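So this block is query-v6.cif, mmCIF, C-alpha atoms and all ligand atoms:
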data_model
#
loop_
_atom_site.label_atom_id
_atom_site.label_comp_id
_atom_site.auth_asym_id
_atom_site.auth_seq_id
_atom_site.Cartn_x
_atom_site.Cartn_y
_atom_site.Cartn_z
CA MET A 156 -19.28 24.00 -27.54
CA GLY A 157 -17.66 23.18 -30.81
CA THR A 158 -16.71 25.18 -33.82
CA GLU A 159 -19.42 26.30 -36.17
CA ILE A 160 -18.66 24.30 -39.25
CA ARG A 161 -19.12 25.27 -42.86
CA TYR A 162 -17.38 22.28 -44.23
CA ASP A 163 -18.64 19.41 -46.36
CA PRO A 164 -16.80 16.23 -45.31
CA ASN A 165 -18.21 14.31 -48.28
CA ALA A 166 -16.60 16.59 -50.84
CA PRO A 167 -13.13 15.76 -52.13
CA ALA A 168 -10.45 17.58 -50.13
CA ASP A 169 -9.12 20.91 -51.28
CA SER A 170 -5.38 20.25 -51.55
CA SER A 171 -4.54 23.86 -50.60
CA ALA A 172 -6.24 23.36 -47.22
CA GLY A 173 -4.56 22.28 -43.99
CA ILE A 174 -3.95 18.79 -42.60
CA PHE A 175 -6.64 16.26 -43.65
CA GLY A 176 -7.88 18.89 -46.12
CA LEU A 177 -9.41 20.90 -43.27
CA PRO A 178 -9.73 24.69 -43.05
CA PHE A 179 -9.31 25.27 -39.28
CA SER A 180 -7.10 27.95 -37.72
CA TYR A 181 -5.11 27.46 -34.51
CA GLU A 182 -7.73 29.39 -32.56
CA GLU A 183 -10.59 27.25 -33.89
CA SER A 184 -8.90 23.93 -33.09
CA LYS A 185 -8.94 21.58 -30.11
CA ILE A 186 -6.17 19.43 -31.54
CA VAL A 187 -2.95 21.13 -32.63
CA TYR A 188 -0.24 19.16 -34.38
CA LEU A 189 3.39 20.18 -34.09
CA PRO A 190 5.45 18.82 -37.00
CA VAL A 191 9.13 18.38 -36.09
CA ALA A 192 11.49 17.74 -39.03
CA TRP A 193 14.43 16.36 -37.07
CA GLU A 194 16.75 13.39 -37.44
CA ALA A 195 20.08 14.73 -36.15
CA THR A 196 21.14 11.58 -34.29
CA THR A 197 19.48 8.79 -36.27
CA SER A 198 21.82 5.87 -36.37
CA TYR A 199 20.80 3.73 -39.35
CA GLY A 200 18.49 4.73 -42.21
CA GLY A 201 17.56 8.41 -42.63
CA GLY A 202 14.38 9.90 -44.02
CA THR A 203 12.21 10.62 -40.99
CA PHE A 204 13.22 14.29 -41.41
CA HIS A 205 10.78 14.20 -44.35
CA GLY A 206 8.08 12.45 -42.28
CA PRO A 207 5.99 15.52 -41.40
CA GLU A 208 5.84 16.78 -44.97
CA ALA A 209 5.00 13.32 -46.35
CA ILE A 210 2.26 12.86 -43.75
CA LEU A 211 0.75 16.27 -44.47
CA ASN A 212 0.74 15.54 -48.20
CA ALA A 213 -0.87 12.12 -47.71
CA SER A 214 -3.43 13.41 -45.21
CA SER A 215 -5.78 14.93 -47.79
CA GLN A 216 -6.61 11.36 -48.93
CA LEU A 217 -8.40 10.55 -45.67
CA ASP A 218 -12.13 10.09 -45.34
CA LEU A 219 -13.09 11.94 -42.18
CA PHE A 220 -15.87 9.60 -41.09
CA ASP A 221 -14.83 7.48 -38.11
CA LEU A 222 -16.57 4.32 -37.01
CA ASP A 223 -15.71 4.85 -33.32
CA VAL A 224 -15.93 8.59 -32.72
CA LYS A 225 -18.55 10.97 -34.07
CA ASP A 226 -17.14 13.72 -36.32
CA PRO A 227 -13.77 14.20 -34.62
CA TYR A 228 -12.85 16.96 -37.09
CA LEU A 229 -15.72 19.16 -35.86
CA GLN A 230 -13.56 20.10 -32.88
CA GLY A 231 -11.02 21.65 -35.24
CA LEU A 232 -7.70 20.06 -36.24
CA HIS A 233 -4.83 22.37 -37.06
CA CYS A 234 -1.21 21.72 -37.97
CA LEU A 235 1.42 24.34 -37.14
CA PRO A 236 3.89 25.14 -39.95
CA ILE A 237 7.13 23.16 -40.24
CA ASP A 238 9.65 25.52 -38.62
CA PRO A 239 12.44 26.44 -41.10
CA GLU A 240 14.76 27.30 -38.20
CA ILE A 241 14.44 23.74 -36.84
CA LYS A 242 15.16 22.37 -40.35
CA ARG A 243 18.30 24.50 -40.46
CA LEU A 244 19.33 23.38 -36.97
CA ASN A 245 18.80 19.76 -38.02
CA SER A 246 21.12 20.16 -41.03
CA GLU A 247 23.76 21.76 -38.83
CA ALA A 248 23.54 19.06 -36.18
CA LYS A 249 23.44 16.25 -38.74
CA ALA A 250 26.63 17.43 -40.46
CA LEU A 251 28.42 17.71 -37.09
CA ALA A 252 27.13 14.28 -36.02
CA GLU A 253 28.23 12.45 -39.17
CA PRO A 254 31.93 11.91 -38.24
CA ILE A 255 30.90 10.93 -34.71
CA LYS A 256 28.63 8.20 -36.09
CA ASP A 257 31.45 7.09 -38.41
CA ALA A 258 33.65 6.67 -35.31
CA PHE A 259 30.79 4.78 -33.55
CA GLY A 260 30.77 7.47 -30.88
CA ASP A 261 34.38 6.89 -29.85
CA VAL A 262 35.56 10.50 -29.40
CA LYS A 263 37.86 10.16 -26.42
CA ASP A 264 41.18 10.76 -28.24
CA ASN A 265 39.79 13.24 -30.72
CA PRO A 266 39.31 16.86 -29.54
CA GLU A 267 37.68 17.83 -32.84
CA LEU A 268 34.99 15.17 -32.47
CA GLN A 269 34.54 16.10 -28.82
CA ALA A 270 33.85 19.69 -29.90
CA ASN A 271 31.38 18.40 -32.51
CA LEU A 272 29.60 16.32 -29.92
CA LYS A 273 29.20 19.29 -27.63
CA LYS A 274 27.70 21.30 -30.48
CA VAL A 275 25.30 18.51 -31.51
CA ASN A 276 24.09 18.22 -27.93
CA GLY A 277 23.66 22.01 -27.92
CA CYS A 278 21.48 21.79 -31.05
CA SER A 279 19.36 19.10 -29.38
CA ALA A 280 18.93 21.34 -26.33
CA LYS A 281 17.65 24.13 -28.61
CA LEU A 282 15.21 21.73 -30.29
CA ASN A 283 13.98 20.55 -26.90
CA GLN A 284 13.41 24.13 -25.75
CA SER A 285 11.48 24.94 -28.93
CA VAL A 286 9.22 21.89 -28.57
CA TYR A 287 8.72 22.69 -24.88
CA ASP A 288 7.69 26.28 -25.63
CA GLN A 289 5.25 25.33 -28.38
CA VAL A 290 3.64 22.45 -26.50
CA MET A 291 3.39 24.63 -23.40
CA ARG A 292 1.44 27.21 -25.42
CA ILE A 293 -0.87 24.52 -26.87
CA LEU A 294 -1.58 23.08 -23.41
CA GLN A 295 -2.11 26.47 -21.80
CA ASP A 296 -4.61 27.28 -24.55
CA GLN A 297 -6.43 24.09 -23.44
CA LYS A 298 -5.78 22.23 -26.65
CA ILE A 299 -4.41 18.72 -27.11
CA PRO A 300 -0.93 18.49 -28.68
CA GLY A 301 -0.02 15.88 -31.29
CA LEU A 302 3.62 15.76 -32.38
CA ILE A 303 4.56 14.54 -35.85
CA GLY A 304 8.17 13.36 -36.15
CA GLY A 305 10.92 13.29 -36.98
CA ASP A 306 12.96 10.85 -34.96
CA HIS A 307 12.06 9.67 -31.48
CA SER A 308 14.20 12.25 -29.69
CA ILE A 309 11.62 14.97 -30.39
CA PRO A 310 9.00 14.60 -27.60
CA ILE A 311 11.15 15.22 -24.49
CA GLY A 312 10.19 18.92 -24.42
CA ALA A 313 6.53 17.90 -24.75
CA PHE A 314 6.83 15.48 -21.80
CA GLU A 315 8.32 18.30 -19.71
CA ALA A 316 5.53 20.71 -20.68
CA ALA A 317 2.85 18.06 -19.99
CA ALA A 318 4.40 17.38 -16.57
CA LYS A 319 4.18 21.08 -15.72
CA VAL A 320 0.58 21.46 -16.81
CA HIS A 321 -0.87 18.04 -15.91
CA GLY A 322 1.24 16.92 -12.95
CA SER A 323 1.82 13.18 -12.92
CA PHE A 324 1.00 10.99 -15.91
CA GLY A 325 1.99 7.76 -17.63
CA ILE A 326 3.43 7.00 -21.05
CA LEU A 327 2.10 4.25 -23.28
CA HIS A 328 5.06 3.60 -25.58
CA PHE A 329 4.81 1.58 -28.79
CA ASP A 330 8.19 0.71 -30.29
CA ALA A 331 10.40 -2.08 -31.61
CA HIS A 332 13.17 -0.58 -29.48
CA SER A 333 13.44 0.02 -25.77
CA ASP A 334 14.91 3.52 -26.36
CA THR A 335 16.57 3.43 -22.95
CA ARG A 336 20.22 3.64 -24.01
CA ASN A 337 22.49 5.88 -22.01
CA ALA A 338 23.50 8.70 -24.42
CA TYR A 339 23.89 6.45 -27.46
CA MET A 340 27.17 7.29 -29.26
CA GLY A 341 27.60 10.16 -26.79
CA PHE A 342 24.52 12.03 -27.99
CA SER A 343 22.67 13.29 -24.91
CA ASP A 344 19.41 13.33 -26.88
CA SER A 345 19.66 10.32 -29.13
CA HIS A 346 16.42 8.88 -30.47
CA ALA A 347 17.62 5.65 -28.82
CA SER A 348 17.55 7.32 -25.38
CA ILE A 349 14.16 9.02 -25.29
CA MET A 350 12.55 6.87 -22.59
CA ARG A 351 15.67 6.85 -20.40
CA ASN A 352 15.85 10.64 -20.68
CA ALA A 353 12.16 10.90 -19.90
CA ALA A 354 12.64 8.67 -16.84
CA ASN A 355 15.67 10.65 -15.61
CA ARG A 356 14.47 14.16 -16.39
CA VAL A 357 10.70 14.05 -15.81
CA SER A 358 9.87 12.74 -12.37
CA ASN A 359 6.16 13.38 -12.97
CA ILE A 360 6.08 10.45 -15.39
CA THR A 361 5.13 7.79 -12.89
CA LYS A 362 4.62 4.90 -15.27
CA PHE A 363 6.12 3.71 -18.56
CA VAL A 364 4.29 0.91 -20.35
CA GLN A 365 6.31 -0.29 -23.35
CA VAL A 366 4.69 -2.44 -26.05
CA GLY A 367 6.18 -4.35 -28.98
CA ILE A 368 9.80 -4.14 -27.80
CA ARG A 369 12.00 -6.62 -29.69
CA ASP A 370 15.40 -4.99 -30.26
CA PHE A 371 17.33 -3.94 -27.16
CA CYS A 372 20.68 -4.44 -25.44
CA GLU A 373 21.47 -5.87 -22.03
CA GLU A 374 22.08 -2.39 -20.61
CA GLU A 375 18.54 -1.40 -21.57
CA TYR A 376 17.09 -4.63 -20.22
CA GLU A 377 18.84 -3.96 -16.90
CA PHE A 378 17.83 -0.30 -16.85
CA THR A 379 14.13 -0.97 -17.25
CA LYS A 380 14.36 -3.71 -14.58
CA SER A 381 16.16 -1.32 -12.23
CA GLN A 382 13.21 1.08 -12.48
CA GLY A 383 10.97 -1.45 -10.71
CA SER A 384 7.24 -0.95 -11.18
CA ARG A 385 7.80 2.38 -12.95
CA PHE A 386 8.63 0.46 -16.14
CA GLU A 387 6.48 -2.34 -17.46
CA VAL A 388 7.75 -3.91 -20.67
CA PHE A 389 5.50 -5.99 -22.90
CA TYR A 390 8.11 -7.60 -25.13
CA ASP A 391 6.88 -8.48 -28.59
CA GLN A 392 7.96 -12.08 -28.14
CA LYS A 393 5.90 -12.40 -24.95
CA ILE A 394 2.82 -10.81 -26.52
CA MET A 395 3.00 -13.07 -29.57
CA GLU A 396 3.68 -16.25 -27.56
CA THR A 397 0.72 -15.51 -25.31
CA LYS A 398 -1.45 -14.83 -28.33
CA LEU A 399 -0.26 -17.96 -30.17
CA ALA A 400 -0.99 -20.07 -27.08
CA GLY A 401 -4.62 -18.98 -27.35
CA THR A 402 -5.05 -16.06 -24.95
CA PRO A 403 -7.54 -13.61 -26.48
CA PHE A 404 -5.99 -10.30 -27.50
CA SER A 405 -8.56 -8.51 -25.33
CA LYS A 406 -7.01 -10.17 -22.26
CA ILE A 407 -3.52 -9.18 -23.37
CA THR A 408 -4.73 -5.60 -23.87
CA GLU A 409 -6.25 -5.56 -20.38
CA GLU A 410 -2.87 -6.60 -18.95
CA ILE A 411 -1.05 -3.90 -20.94
CA LEU A 412 -3.34 -1.11 -19.76
CA LYS A 413 -4.17 -2.11 -16.23
CA ASP A 414 -1.48 -0.16 -14.33
CA LEU A 415 -1.58 3.04 -16.37
CA PRO A 416 -2.65 6.12 -14.37
CA ASP A 417 -5.61 8.37 -15.28
CA LYS A 418 -3.62 10.63 -17.61
CA VAL A 419 -1.70 9.04 -20.45
CA TRP A 420 0.62 10.34 -23.17
CA VAL A 421 0.86 7.99 -26.17
CA SER A 422 4.35 7.86 -27.70
CA PHE A 423 4.07 5.88 -30.91
CA ASP A 424 7.20 4.89 -32.80
CA ILE A 425 5.85 3.57 -36.09
CA ASP A 426 8.41 0.71 -36.01
CA GLY A 427 6.44 -0.81 -33.13
CA LEU A 428 4.18 -2.05 -35.93
CA ASP A 429 5.05 -4.89 -38.28
CA PRO A 430 7.48 -3.36 -40.85
CA LYS A 431 4.96 -4.07 -43.60
CA PHE A 432 3.26 -0.90 -42.30
CA CYS A 433 6.46 1.17 -42.27
CA PRO A 434 8.92 -0.32 -44.79
CA HIS A 435 11.08 2.83 -44.98
CA THR A 436 11.43 3.59 -41.28
CA GLY A 437 15.05 3.99 -40.11
CA THR A 438 15.48 0.85 -38.00
CA PRO A 439 12.87 -1.76 -38.96
CA VAL A 440 12.74 -5.04 -37.01
CA PRO A 441 10.72 -8.15 -37.97
CA GLY A 442 7.75 -9.00 -35.79
CA GLY A 443 5.66 -6.29 -34.23
CA LEU A 444 2.01 -5.45 -33.84
CA ASP A 445 -0.58 -5.55 -36.53
CA TYR A 446 -2.20 -2.17 -37.22
CA ALA A 447 -5.54 -3.48 -35.97
CA GLU A 448 -3.95 -4.68 -32.70
CA ALA A 449 -2.38 -1.28 -32.01
CA ILE A 450 -5.68 0.46 -32.72
CA TYR A 451 -7.49 -2.01 -30.46
CA ILE A 452 -5.12 -1.20 -27.57
CA LEU A 453 -5.55 2.55 -28.14
CA LYS A 454 -9.32 2.33 -28.39
CA THR A 455 -9.49 0.25 -25.21
CA LEU A 456 -7.31 2.85 -23.49
CA ALA A 457 -9.60 5.69 -24.60
CA ARG A 458 -12.69 3.70 -23.55
CA SER A 459 -11.24 2.91 -20.11
CA GLY A 460 -12.03 6.31 -18.60
CA ARG A 461 -8.41 7.49 -18.83
CA LYS A 462 -7.56 10.73 -20.62
CA ILE A 463 -5.12 10.85 -23.52
CA ILE A 464 -3.35 14.15 -22.78
CA GLY A 465 -1.24 14.20 -25.94
CA PHE A 466 0.62 11.99 -28.36
CA ASP A 467 3.56 11.75 -30.71
CA VAL A 468 3.91 9.66 -33.86
CA VAL A 469 7.56 9.36 -34.84
CA GLU A 470 10.00 7.63 -37.20
CA VAL A 471 7.65 7.62 -40.20
CA ALA A 472 9.85 7.97 -43.30
CA PRO A 473 8.97 8.14 -46.99
CA PRO A 474 11.13 6.30 -49.56
CA LEU A 475 14.08 8.39 -50.77
CA ASP A 476 15.86 8.52 -54.12
CA LYS A 477 19.66 8.16 -54.54
CA ASP A 478 20.22 11.81 -53.60
CA GLY A 479 18.21 11.48 -50.40
CA SER A 480 15.15 13.37 -51.64
CA PRO A 481 11.67 11.91 -51.18
CA LEU A 482 10.26 10.21 -54.28
CA GLU A 483 7.45 12.04 -55.99
CA PRO A 484 4.55 9.72 -55.20
CA ILE A 485 4.03 8.35 -58.67
CA GLN A 486 2.44 5.23 -57.31
CA ALA A 487 0.52 4.55 -54.12
CA SER A 488 3.41 2.49 -52.67
CA ASP A 489 5.59 5.62 -52.56
CA GLU A 490 3.11 7.14 -50.14
CA TRP A 491 2.48 4.02 -48.08
CA ASP A 492 4.53 4.88 -44.96
CA ALA A 493 2.96 8.35 -44.78
CA ASN A 494 -0.49 6.91 -45.48
CA VAL A 495 -0.23 4.59 -42.45
CA GLY A 496 1.21 7.42 -40.32
CA MET A 497 -1.56 9.89 -41.11
CA ARG A 498 -4.29 7.31 -40.48
CA LEU A 499 -2.76 6.46 -37.12
CA ILE A 500 -2.61 10.18 -36.29
CA TYR A 501 -6.27 10.66 -37.19
CA LYS A 502 -7.31 7.69 -35.05
CA LEU A 503 -5.24 8.99 -32.13
CA THR A 504 -6.89 12.37 -32.66
CA ALA A 505 -10.40 10.88 -32.55
CA LEU A 506 -9.61 8.77 -29.48
CA SER A 507 -7.92 11.67 -27.67
CA LEU A 508 -10.96 13.87 -28.22
CA ALA A 509 -13.39 11.16 -27.08
CA SER A 510 -11.30 10.29 -24.02
CA ASN A 511 -11.44 13.96 -22.97
CA GLY A 512 -15.19 14.19 -23.53
CA LEU A 513 -14.68 16.56 -26.47
CA ALA A 514 -16.28 14.27 -29.04
CA LYS A 515 -18.96 11.62 -28.68
CA TRP A 516 -18.56 7.90 -29.22
CA GLN A 517 -20.61 6.58 -32.13
CA GLY A 518 -23.77 4.69 -31.20
MN MN B 601 11.70 4.77 -30.77
#

Rewrite the coordinates I just gave you, this time as structure tokens.
Amino acid sequence: MGTEIRYDPNAPADSSAGIFGLPFSYEESKIVYLPVAWEATTSYGGGTFHGPEAILNASSQLDLFDLDVKDPYLQGLHCLPIDPEIKRLNSEAKALAEPIKDAFGDVKDNPELQANLKKVNGCSAKLNQSVYDQVMRILQDQKIPGLIGGDHSIPIGAFEAAAKVHGSFGILHFDAHSDTRNAYMGFSDSHASIMRNAANRVSNITKFVQVGIRDFCEEEYEFTKSQGSRFEVFYDQKIMETKLAGTPFSKITEEILKDLPDKVWVSFDIDGLDPKFCPHTGTPVPGGLDYAEAIYILKTLARSGRKIIGFDVVEVAPPLDKDGSPLEPIQASDEWDANVGMRLIYKLTALSLASNGLAKWQG
């Protein structure tokens, strides 16, 4: 078992190497990341299109030693290239979506906008198919997929592939937003609809546990309630009130995890965290989890005997200049969002491997 390694983790990273400065090929790797540069339907701030590239650039700064899991990188970590065709499709869809967003999705008396909307939804369908195909290949090759967004619309194809390969599973969803809107602004695959689409399209997802939710509309509140025990929402306000009243966070974590099934996909919208960890994300909301709290929940999940079958980290966005290009990181703060994102991805990687028995726990 394991890849024969000729790699010195104590040496500074070679910046020409792959993610986290590592040299592994697809074939040599147990974890394969799929970067998805996509923000066609984002409604507020842009920038998450540049998330994958920013995260890859920041990732060479990481020290590979992990206090929880022994040498996670020894199992091979490989990032697929950012697909130029998806970038092109994103630009096309974004340009078509712009006037629809300007009209707040009101297209009913405007045949031109209706045609645009149809095309945008067609672009999303192509993206979904591409993600499905690539995640299917990763899963069939018995590797664990990790998606790097991009906006939160990107993992639907991955959920569908996971459902085919794994059968039933649950989603542990970190987010400030419920993401259960019905085709927000008419977009069938809005980032604000991902969990509703997952619920409607993927019957094998038997449980949704949502954590950190603090920005949602009545329609979403009613939708999640209408799903009965399939949806369990841990609103940020409830978590914080319970914590402030003196309940230990370990107890809160136990509550969050207790009804998840054996197989779990982690869908992590970075804005589930306190915005101090993601100041440039598209739709920041005050409140949210501390980084250490999120990691504690994930570690407890991985330690519980459940398997993490895959994950996505989405909505990470670097700061942009006036023309919408990412700033050259001239100071550490320019890289902060990507720095947090890549560390979260590495921790999810380590915990996924350990939860599947592919890496050992430390001590
Ligand atoms: Mn989201």

Check your understanding: So which residues touch Ala331 of chain A within 8 Å, counting only C-alpha atoms, skipping near sequence neighbours fewer than 3 positions away, as JSON, numbers by chain?
Key -> {"A": [366, 367, 368, 369, 370, 391, 424, 426, 427, 428, 439, 440, 443]}

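Closest to ligand MN 601 (chain B) among A:Ser198, A:Ser246, A:Thr408, A:Ser285 is A:Ser198, based on only C-alpha atoms and all ligand atoms.
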
Practice item. Show me which residues sit within 6 Å of ligand MN 601 (chain B) when counting all atoms listed in the file, and put them as a VMD selection string. Key: chain A and resid 307 330 332 334 424

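Excluding His346 of chain A itself and any same-chain residue fewer than 3 positions from it, the protein and nucleic acid residues within 10 Å of it, counting all atoms listed in the file, are Glu194, Ala195, Thr196, Thr197, Ser198, Gly305, Asp306, His307, Ser308, Ile309, Pro310, Asp334, Thr335, Arg336, Ala338, Tyr339, Phe342, Ser343, Ile349, Met350, Asn352, Val469 and Glu470 of chain A.
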
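When only C-alpha atoms are used to measure the gap to Pro207 of chain A, the shortest distance among A:Ala252, A:Ala472, A:Leu506, A:Ile299 belongs to A:Ala472.
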
**Study point:** Shell around Ala354 of chain A at 10 Å using all atoms listed in the file, local window under 3 positions removed, as a list in words
**Key:** Thr335, Ser348, Ile349, Met350, Arg351, Val357, Ser358, Asn359, Ile360, Thr361, Lys362, Phe363, Thr379, Gln382, Arg385 and Phe386 of chain A

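Using only C-alpha atoms, the nearest neighbour of Tyr228 of chain A within the list A:Gly496, A:Pro481, A:Gly176, A:Pro474 is A:Gly176.
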
Where atoms are absent from segment 365-393 of chain A, fill them in so it carries N, CA and C atoms, then output it as a PDB file, in the frame of the given file.
ATOM      1  N   GLN A 365       5.695  -0.140 -22.026  1.00  0.00           N
ATOM      2  CA  GLN A 365       6.310  -0.290 -23.350  1.00  0.00           C
ATOM      3  C   GLN A 365       5.742  -1.530 -24.039  1.00  0.00           C
ATOM      4  N   VAL A 366       5.366  -1.368 -25.313  1.00  0.00           N
ATOM      5  CA  VAL A 366       4.690  -2.440 -26.050  1.00  0.00           C
ATOM      6  C   VAL A 366       5.376  -2.701 -27.389  1.00  0.00           C
ATOM      7  N   GLY A 367       5.634  -3.973 -27.665  1.00  0.00           N
ATOM      8  CA  GLY A 367       6.180  -4.350 -28.980  1.00  0.00           C
ATOM      9  C   GLY A 367       7.697  -4.417 -29.021  1.00  0.00           C
ATOM     10  N   ILE A 368       8.336  -4.239 -27.874  1.00  0.00           N
ATOM     11  CA  ILE A 368       9.800  -4.140 -27.800  1.00  0.00           C
ATOM     12  C   ILE A 368      10.440  -5.475 -28.239  1.00  0.00           C
ATOM     13  N   ARG A 369      11.360  -5.403 -29.189  1.00  0.00           N
ATOM     14  CA  ARG A 369      12.000  -6.620 -29.690  1.00  0.00           C
ATOM     15  C   ARG A 369      13.432  -6.412 -30.147  1.00  0.00           C
ATOM     16  N   ASP A 370      13.997  -5.235 -29.907  1.00  0.00           N
ATOM     17  CA  ASP A 370      15.400  -4.990 -30.260  1.00  0.00           C
ATOM     18  C   ASP A 370      15.977  -4.096 -29.166  1.00  0.00           C
ATOM     19  N   PHE A 371      16.837  -4.692 -28.321  1.00  0.00           N
ATOM     20  CA  PHE A 371      17.330  -3.940 -27.160  1.00  0.00           C
ATOM     21  C   PHE A 371      18.617  -4.607 -26.689  1.00  0.00           C
ATOM     22  N   CYS A 372      19.437  -3.869 -25.951  1.00  0.00           N
ATOM     23  CA  CYS A 372      20.680  -4.440 -25.440  1.00  0.00           C
ATOM     24  C   CYS A 372      20.541  -4.743 -23.956  1.00  0.00           C
ATOM     25  N   GLU A 373      21.547  -5.434 -23.419  1.00  0.00           N
ATOM     26  CA  GLU A 373      21.470  -5.870 -22.030  1.00  0.00           C
ATOM     27  C   GLU A 373      21.377  -4.670 -21.080  1.00  0.00           C
ATOM     28  N   GLU A 374      22.109  -3.599 -21.430  1.00  0.00           N
ATOM     29  CA  GLU A 374      22.080  -2.390 -20.610  1.00  0.00           C
ATOM     30  C   GLU A 374      20.645  -1.847 -20.490  1.00  0.00           C
ATOM     31  N   GLU A 375      19.924  -1.902 -21.585  1.00  0.00           N
ATOM     32  CA  GLU A 375      18.540  -1.400 -21.570  1.00  0.00           C
ATOM     33  C   GLU A 375      17.628  -2.326 -20.766  1.00  0.00           C
ATOM     34  N   TYR A 376      17.863  -3.633 -20.961  1.00  0.00           N
ATOM     35  CA  TYR A 376      17.090  -4.630 -20.220  1.00  0.00           C
ATOM     36  C   TYR A 376      17.272  -4.410 -18.718  1.00  0.00           C
ATOM     37  N   GLU A 377      18.545  -4.176 -18.314  1.00  0.00           N
ATOM     38  CA  GLU A 377      18.840  -3.960 -16.900  1.00  0.00           C
ATOM     39  C   GLU A 377      18.273  -2.629 -16.418  1.00  0.00           C
ATOM     40  N   PHE A 378      18.347  -1.612 -17.268  1.00  0.00           N
ATOM     41  CA  PHE A 378      17.830  -0.300 -16.850  1.00  0.00           C
ATOM     42  C   PHE A 378      16.333  -0.365 -16.548  1.00  0.00           C
ATOM     43  N   THR A 379      15.582  -0.943 -17.473  1.00  0.00           N
ATOM     44  CA  THR A 379      14.130  -0.970 -17.250  1.00  0.00           C
ATOM     45  C   THR A 379      13.799  -1.817 -16.013  1.00  0.00           C
ATOM     46  N   LYS A 380      14.586  -2.902 -15.789  1.00  0.00           N
ATOM     47  CA  LYS A 380      14.360  -3.710 -14.580  1.00  0.00           C
ATOM     48  C   LYS A 380      14.667  -2.915 -13.322  1.00  0.00           C
ATOM     49  N   SER A 381      15.738  -2.087 -13.407  1.00  0.00           N
ATOM     50  CA  SER A 381      16.160  -1.320 -12.230  1.00  0.00           C
ATOM     51  C   SER A 381      15.124  -0.268 -11.833  1.00  0.00           C
ATOM     52  N   GLN A 382      14.225   0.073 -12.761  1.00  0.00           N
ATOM     53  CA  GLN A 382      13.210   1.080 -12.480  1.00  0.00           C
ATOM     54  C   GLN A 382      12.001   0.503 -11.720  1.00  0.00           C
ATOM     55  N   GLY A 383      12.044  -0.800 -11.485  1.00  0.00           N
ATOM     56  CA  GLY A 383      10.970  -1.450 -10.710  1.00  0.00           C
ATOM     57  C   GLY A 383       9.629  -1.301 -11.395  1.00  0.00           C
ATOM     58  N   SER A 384       8.596  -0.983 -10.614  1.00  0.00           N
ATOM     59  CA  SER A 384       7.240  -0.950 -11.180  1.00  0.00           C
ATOM     60  C   SER A 384       7.021   0.280 -12.055  1.00  0.00           C
ATOM     61  N   ARG A 385       7.978   1.202 -12.099  1.00  0.00           N
ATOM     62  CA  ARG A 385       7.800   2.380 -12.950  1.00  0.00           C
ATOM     63  C   ARG A 385       7.838   2.007 -14.435  1.00  0.00           C
ATOM     64  N   PHE A 386       8.567   0.946 -14.756  1.00  0.00           N
ATOM     65  CA  PHE A 386       8.630   0.460 -16.140  1.00  0.00           C
ATOM     66  C   PHE A 386       7.962  -0.904 -16.248  1.00  0.00           C
ATOM     67  N   GLU A 387       7.068  -1.039 -17.180  1.00  0.00           N
ATOM     68  CA  GLU A 387       6.480  -2.340 -17.460  1.00  0.00           C
ATOM     69  C   GLU A 387       6.690  -2.590 -18.952  1.00  0.00           C
ATOM     70  N   VAL A 388       7.403  -3.666 -19.270  1.00  0.00           N
ATOM     71  CA  VAL A 388       7.750  -3.910 -20.670  1.00  0.00           C
ATOM     72  C   VAL A 388       6.983  -5.117 -21.195  1.00  0.00           C
ATOM     73  N   PHE A 389       6.202  -4.888 -22.229  1.00  0.00           N
ATOM     74  CA  PHE A 389       5.500  -5.990 -22.900  1.00  0.00           C
ATOM     75  C   PHE A 389       6.282  -6.314 -24.173  1.00  0.00           C
ATOM     76  N   TYR A 390       7.263  -7.224 -23.998  1.00  0.00           N
ATOM     77  CA  TYR A 390       8.110  -7.600 -25.130  1.00  0.00           C
ATOM     78  C   TYR A 390       7.249  -8.238 -26.222  1.00  0.00           C
ATOM     79  N   ASP A 391       7.621  -7.947 -27.450  1.00  0.00           N
ATOM     80  CA  ASP A 391       6.880  -8.480 -28.590  1.00  0.00           C
ATOM     81  C   ASP A 391       6.788 -10.003 -28.535  1.00  0.00           C
ATOM     82  N   GLN A 392       7.920 -10.614 -28.196  1.00  0.00           N
ATOM     83  CA  GLN A 392       7.960 -12.080 -28.140  1.00  0.00           C
ATOM     84  C   GLN A 392       6.940 -12.630 -27.141  1.00  0.00           C
ATOM     85  N   LYS A 393       6.852 -11.979 -25.995  1.00  0.00           N
ATOM     86  CA  LYS A 393       5.900 -12.400 -24.950  1.00  0.00           C
ATOM     87  C   LYS A 393       4.462 -12.227 -25.421  1.00  0.00           C
TER      88      LYS A 393
END
